[in-house]
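See below for the structure under consideration.
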Amino acid sequence: MINQAHIFGKDESLLVECQNGFRLLPKVCGAFKKMQAAAAQDNVDIQIVSSYRSFERQLKIWQSKWSGKVTLLDVNENTIDATALSDQEKIIAILTWSALPGASRHHWGTDLDVYDKKSVEQSQHDFKLVCKEYEQGPCTELNNWLSEHASQFGFNRPYAEYNGGIAREPWHLSFQASADKMLGLLDEQVLLDNLRKSDIPGLDSIIANMPDIYQRFVLNRGLI
């Protein structure tokens, strides 16, 4: 049974290994494997590059970006000089590509990132998981196939378009029926309580701007 700990990335008990160590909910894994097999019949390779991530893993991603160990990008995938940003600006820059710990759809076991491993390896491409790889690169055929067929297997792409919140992520798939239930169980106050108990940098600014952050990035409703 889904509980709050699961929603916020702190309970992995419902997950199963789906492929190469990547974990998902059983129903989602089953749907993915059916989709993967159908794509293979069309000579399209679909492999998982990311699936479940815990609260702690998401926190480490946040800390790495906050500290400058990982480069920040704007919505067009251009490098940002993090040293020139205020705390609020840095938070927005991170949230454009990475969720707050506790607010990632990757906590749920319903969402995954995919790529065309076969094409990437054949082209000897230095894969970076950026949009151009799915528009005019080794994952273009996969991108087109997903646009036509993913919904037949219950998947949608929640970040297909940029609306002022999260950047476009053509690689991000969500098993919609299950993910919508998880989204409905999210709670802004519980999210804040979890963040207060963590050692997330920028906490004071996150708290001060949480109403906007929650609408714009957690719910991905963009600029209001």
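The chains in the structure tokens are called A, B, ... from first to last as shown; in each chain the residues are counted from 1, and the ligands are counted from 1 in the order shown.
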Report the closest atom pair, with its distance in Å rounded to one decimal, for each residue of range 137-206 of chain A that has an atom no farther than 9 Å from range 50-61 of chain A; count only C-alpha atoms, sort by chain and then rising residue number, and write it as a Markdown table.
```
| residue | atom | partner | partner_atom | distance |
| --- | --- | --- | --- | --- |
| A:Ser198 | CA | A:Leu59 | CA | 8.4 |
| A:Asp199 | CA | A:Leu59 | CA | 8.4 |
| A:Ile200 | CA | A:Leu59 | CA | 6.8 |
```
With range 103-108 of chain A as the partner and 12 Å as the cut-off, tabulate the residues of range 115-185 of chain A that qualify, each row holding the nearest pair of atoms and their distance in Å to one decimal, using only C-alpha atoms, sorted by chain and rising number, as a Markdown table.
```
| residue | atom | partner | partner_atom | distance |
| --- | --- | --- | --- | --- |
| A:Arg157 | CA | A:Arg105 | CA | 11.8 |
| A:Pro158 | CA | A:Arg105 | CA | 9.9 |
| A:Tyr159 | CA | A:Arg105 | CA | 11.2 |
| A:Ile166 | CA | A:Ser104 | CA | 11.5 |
| A:His172 | CA | A:His106 | CA | 9.7 |
| A:Leu173 | CA | A:Arg105 | CA | 10.1 |
| A:Ser174 | CA | A:Arg105 | CA | 8.3 |
| A:Phe175 | CA | A:Trp108 | CA | 10.3 |
| A:Gln176 | CA | A:Arg105 | CA | 11.2 |
| A:Ser178 | CA | A:Trp108 | CA | 8.9 |
| A:Ala179 | CA | A:Trp108 | CA | 7.3 |
| A:Asp180 | CA | A:Arg105 | CA | 10.2 |
| A:Lys181 | CA | A:Trp108 | CA | 10.1 |
| A:Met182 | CA | A:Trp108 | CA | 7.0 |
| A:Leu183 | CA | A:Arg105 | CA | 8.3 |
| A:Gly184 | CA | A:Arg105 | CA | 12.0 |
| A:Leu185 | CA | A:Trp108 | CA | 11.0 |
```
Pick out the residues sitting within 9 Å of range 124-130 of chain A, and hand them over as a CSV table (one decimal) with C-alpha atoms, in the first residue's frame; count only C-alpha atoms, and ignore anything fewer than 3 positions along from it in its own chain.
```
chain,number,residue,atom,x,y,z
A,77,GLU,CA,21.0,23.9,-21.9
A,115,TYR,CA,17.5,6.2,-24.3
A,119,SER,CA,22.2,3.9,-31.5
A,120,VAL,CA,24.3,5.7,-29.0
A,121,GLU,CA,26.9,2.9,-29.0
A,133,GLU,CA,20.2,14.0,-28.8
A,134,TYR,CA,16.5,13.3,-29.0
A,137,GLY,CA,20.9,12.8,-32.6
A,138,PRO,CA,21.1,9.1,-31.8
A,169,GLU,CA,12.8,16.3,-21.0
A,170,PRO,CA,11.9,14.1,-24.0
A,171,TRP,CA,13.6,11.1,-22.3
```
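Distance-wise, CA of Ile207 in chain A and CA of Ser86 in chain A end up 15.0 Å apart.
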**Request:** Find the residues around Met35 in chain A up to 9 Å (only C-alpha atoms counted), leave out those fewer than 2 positions away in its own chain, and share them as a ChimeraX atom specification.
**Result:** /A:30-33,37-40,46,149-150,152-153
**Request:** Give the answer as one residue: which of A:Glu135, A:Glu141, A:Asp87, A:Asp113 has the shortest atom-to-atom distance to Asp45 in chain A, using only C-alpha atoms?
**Result:** A:Glu141
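Here the residues within range 47-216 of chain A that DSSP labels strand (DSSP E) on the basis of the backbone are Gln47, Ile48, Val49, Ser50, Leu72, Leu73, Thr79, Ile80, Asp111, Leu112, Asp113, Val114, Tyr115, Phe155, Asn156, His172, Leu173, Ser174 and Phe175 of chain A.
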Would you give me, as a PDB file with C-alpha atoms, in the first residue's frame, the residues in range 20-150 of chain A that DSSP reads as helix (DSSP H, G or I)?
```
ATOM      1  CA  PRO A  26       5.798  -4.055 -10.627  1.00  0.00           C
ATOM      2  CA  LYS A  27       2.920  -2.797 -12.797  1.00  0.00           C
ATOM      3  CA  VAL A  28       5.108  -0.105 -14.308  1.00  0.00           C
ATOM      4  CA  CYS A  29       7.919  -2.562 -14.997  1.00  0.00           C
ATOM      5  CA  GLY A  30       5.497  -4.893 -16.759  1.00  0.00           C
ATOM      6  CA  ALA A  31       4.189  -2.097 -18.964  1.00  0.00           C
ATOM      7  CA  PHE A  32       7.716  -0.948 -19.763  1.00  0.00           C
ATOM      8  CA  LYS A  33       8.817  -4.427 -20.841  1.00  0.00           C
ATOM      9  CA  LYS A  34       5.806  -4.729 -23.150  1.00  0.00           C
ATOM     10  CA  MET A  35       6.627  -1.360 -24.682  1.00  0.00           C
ATOM     11  CA  GLN A  36      10.290  -2.284 -24.994  1.00  0.00           C
ATOM     12  CA  ALA A  37       9.409  -5.501 -26.825  1.00  0.00           C
ATOM     13  CA  ALA A  38       7.060  -3.670 -29.192  1.00  0.00           C
ATOM     14  CA  ALA A  39       9.737  -1.091 -29.970  1.00  0.00           C
ATOM     15  CA  ALA A  40      12.269  -3.844 -30.660  1.00  0.00           C
ATOM     16  CA  GLN A  41       9.933  -5.254 -33.309  1.00  0.00           C
ATOM     17  CA  PHE A  55      15.299  11.105  -1.079  1.00  0.00           C
ATOM     18  CA  GLU A  56      18.951  10.824  -0.119  1.00  0.00           C
ATOM     19  CA  ARG A  57      20.072  10.337  -3.721  1.00  0.00           C
ATOM     20  CA  GLN A  58      18.065  13.377  -4.811  1.00  0.00           C
ATOM     21  CA  LEU A  59      19.573  15.345  -1.945  1.00  0.00           C
ATOM     22  CA  LYS A  60      23.092  14.486  -3.140  1.00  0.00           C
ATOM     23  CA  ILE A  61      22.220  15.693  -6.633  1.00  0.00           C
ATOM     24  CA  TRP A  62      20.987  18.967  -5.133  1.00  0.00           C
ATOM     25  CA  GLN A  63      24.092  19.369  -2.981  1.00  0.00           C
ATOM     26  CA  SER A  64      26.392  18.731  -5.956  1.00  0.00           C
ATOM     27  CA  LYS A  65      24.676  21.381  -8.037  1.00  0.00           C
ATOM     28  CA  TRP A  66      24.520  23.870  -5.172  1.00  0.00           C
ATOM     29  CA  SER A  67      28.225  23.486  -4.401  1.00  0.00           C
ATOM     30  CA  ALA A  82      26.545  29.874 -10.492  1.00  0.00           C
ATOM     31  CA  THR A  83      28.832  32.277  -8.637  1.00  0.00           C
ATOM     32  CA  ALA A  84      26.840  35.210 -10.015  1.00  0.00           C
ATOM     33  CA  ASP A  87      20.301  31.886  -3.468  1.00  0.00           C
ATOM     34  CA  GLN A  88      16.850  32.327  -4.989  1.00  0.00           C
ATOM     35  CA  GLU A  89      18.253  32.409  -8.531  1.00  0.00           C
ATOM     36  CA  LYS A  90      20.367  29.324  -7.859  1.00  0.00           C
ATOM     37  CA  ILE A  91      17.324  27.450  -6.572  1.00  0.00           C
ATOM     38  CA  ILE A  92      15.385  28.286  -9.738  1.00  0.00           C
ATOM     39  CA  ALA A  93      18.342  27.211 -11.884  1.00  0.00           C
ATOM     40  CA  ILE A  94      18.596  23.847 -10.103  1.00  0.00           C
ATOM     41  CA  LEU A  95      14.842  23.260 -10.167  1.00  0.00           C
ATOM     42  CA  ARG A 105       8.655  11.876  -9.670  1.00  0.00           C
ATOM     43  CA  HIS A 106      11.564   9.429  -9.621  1.00  0.00           C
ATOM     44  CA  HIS A 107      10.722   8.702  -5.968  1.00  0.00           C
ATOM     45  CA  LYS A 117      21.525   2.517 -26.171  1.00  0.00           C
ATOM     46  CA  LYS A 118      22.155   0.690 -29.428  1.00  0.00           C
ATOM     47  CA  SER A 119      22.216   3.873 -31.522  1.00  0.00           C
ATOM     48  CA  VAL A 120      24.324   5.710 -28.960  1.00  0.00           C
ATOM     49  CA  GLU A 121      26.928   2.938 -28.968  1.00  0.00           C
ATOM     50  CA  GLN A 122      26.919   2.511 -32.749  1.00  0.00           C
ATOM     51  CA  SER A 123      27.456   6.230 -33.270  1.00  0.00           C
ATOM     52  CA  LYS A 132      19.380  17.686 -29.062  1.00  0.00           C
ATOM     53  CA  GLU A 133      20.195  13.972 -28.759  1.00  0.00           C
ATOM     54  CA  TYR A 134      16.459  13.284 -29.042  1.00  0.00           C
ATOM     55  CA  GLU A 135      15.737  15.836 -31.751  1.00  0.00           C
ATOM     56  CA  THR A 140      15.699  10.786 -32.568  1.00  0.00           C
ATOM     57  CA  GLU A 141      14.129   7.580 -33.864  1.00  0.00           C
ATOM     58  CA  LEU A 142      13.292   6.579 -30.299  1.00  0.00           C
ATOM     59  CA  ASN A 143      11.809  10.005 -29.629  1.00  0.00           C
ATOM     60  CA  ASN A 144       9.557   9.721 -32.677  1.00  0.00           C
ATOM     61  CA  TRP A 145       8.515   6.178 -31.767  1.00  0.00           C
ATOM     62  CA  LEU A 146       7.568   7.223 -28.245  1.00  0.00           C
ATOM     63  CA  SER A 147       5.494  10.131 -29.552  1.00  0.00           C
ATOM     64  CA  GLU A 148       3.454   7.670 -31.579  1.00  0.00           C
ATOM     65  CA  HIS A 149       3.291   4.625 -29.315  1.00  0.00           C
ATOM     66  CA  ALA A 150       4.076   5.362 -25.637  1.00  0.00           C
TER      67      ALA A 150
END
```
**Prompt:** Neighbours of Leu14 in chain A within 9 Å (only C-alpha atoms; same-chain residues fewer than 4 positions away dropped), as a list in words?
**Reply:** Met1, Ile2, His6, Leu24, Leu25, Pro26 and Gly109 of chain A
Keeping only C-alpha atoms, write the selected residues to a file as a short mmCIF file (atom, residue, chain, number, x, y, z; two decimals), in the first residue's frame.
```cif
data_model
loop_
_atom_site.label_atom_id
_atom_site.label_comp_id
_atom_site.auth_asym_id
_atom_site.auth_seq_id
_atom_site.Cartn_x
_atom_site.Cartn_y
_atom_site.Cartn_z
CA MET A 1 0.00 0.00 0.00
CA ILE A 2 1.27 3.46 -0.92
CA HIS A 6 6.96 6.05 -0.47
CA LEU A 24 10.12 0.42 -10.62
CA LEU A 25 6.70 -0.58 -9.31
CA PRO A 26 5.80 -4.05 -10.63
CA GLY A 109 8.63 4.00 -9.06
#
```
**Straight-line distance linking CA of Val44 in chain A with CA of Leu15 in chain A, stated in Å to one decimal** = 26.5 Å
**Prompt:** What's the 6 Å shell around Gly165 in chain A, counting only C-alpha atoms, without same-chain residues fewer than 2 positions away, as JSON, numbers by chain?
**Reply:** {"A": [163, 216, 217, 220, 222]}
Kindly save the residues from that selection, with N, CA and C atoms included, as a CSV table (one decimal), in the first residue's frame.
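For reference, result00.csv as written:
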```csv
chain,number,residue,atom,x,y,z
A,163,ASN,N,6.9,25.2,-19.9
A,163,ASN,CA,5.9,26.2,-19.6
A,163,ASN,C,6.3,27.2,-18.6
A,216,ARG,N,5.1,26.0,-9.4
A,216,ARG,CA,5.8,26.1,-10.7
A,216,ARG,C,6.7,24.9,-11.0
A,217,PHE,N,7.2,24.3,-10.0
A,217,PHE,CA,8.2,23.2,-10.2
A,217,PHE,C,7.7,21.8,-9.7
A,220,ASN,N,4.6,21.5,-11.6
A,220,ASN,CA,5.0,21.9,-13.0
A,220,ASN,C,3.9,22.7,-13.7
A,222,GLY,N,4.2,25.8,-14.1
A,222,GLY,CA,4.9,26.9,-14.8
A,222,GLY,C,4.6,28.3,-14.2
```
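Taking CA of Asp42 in chain A and CA of Asp116 in chain A as the two end points, the separation is 12.8 Å.
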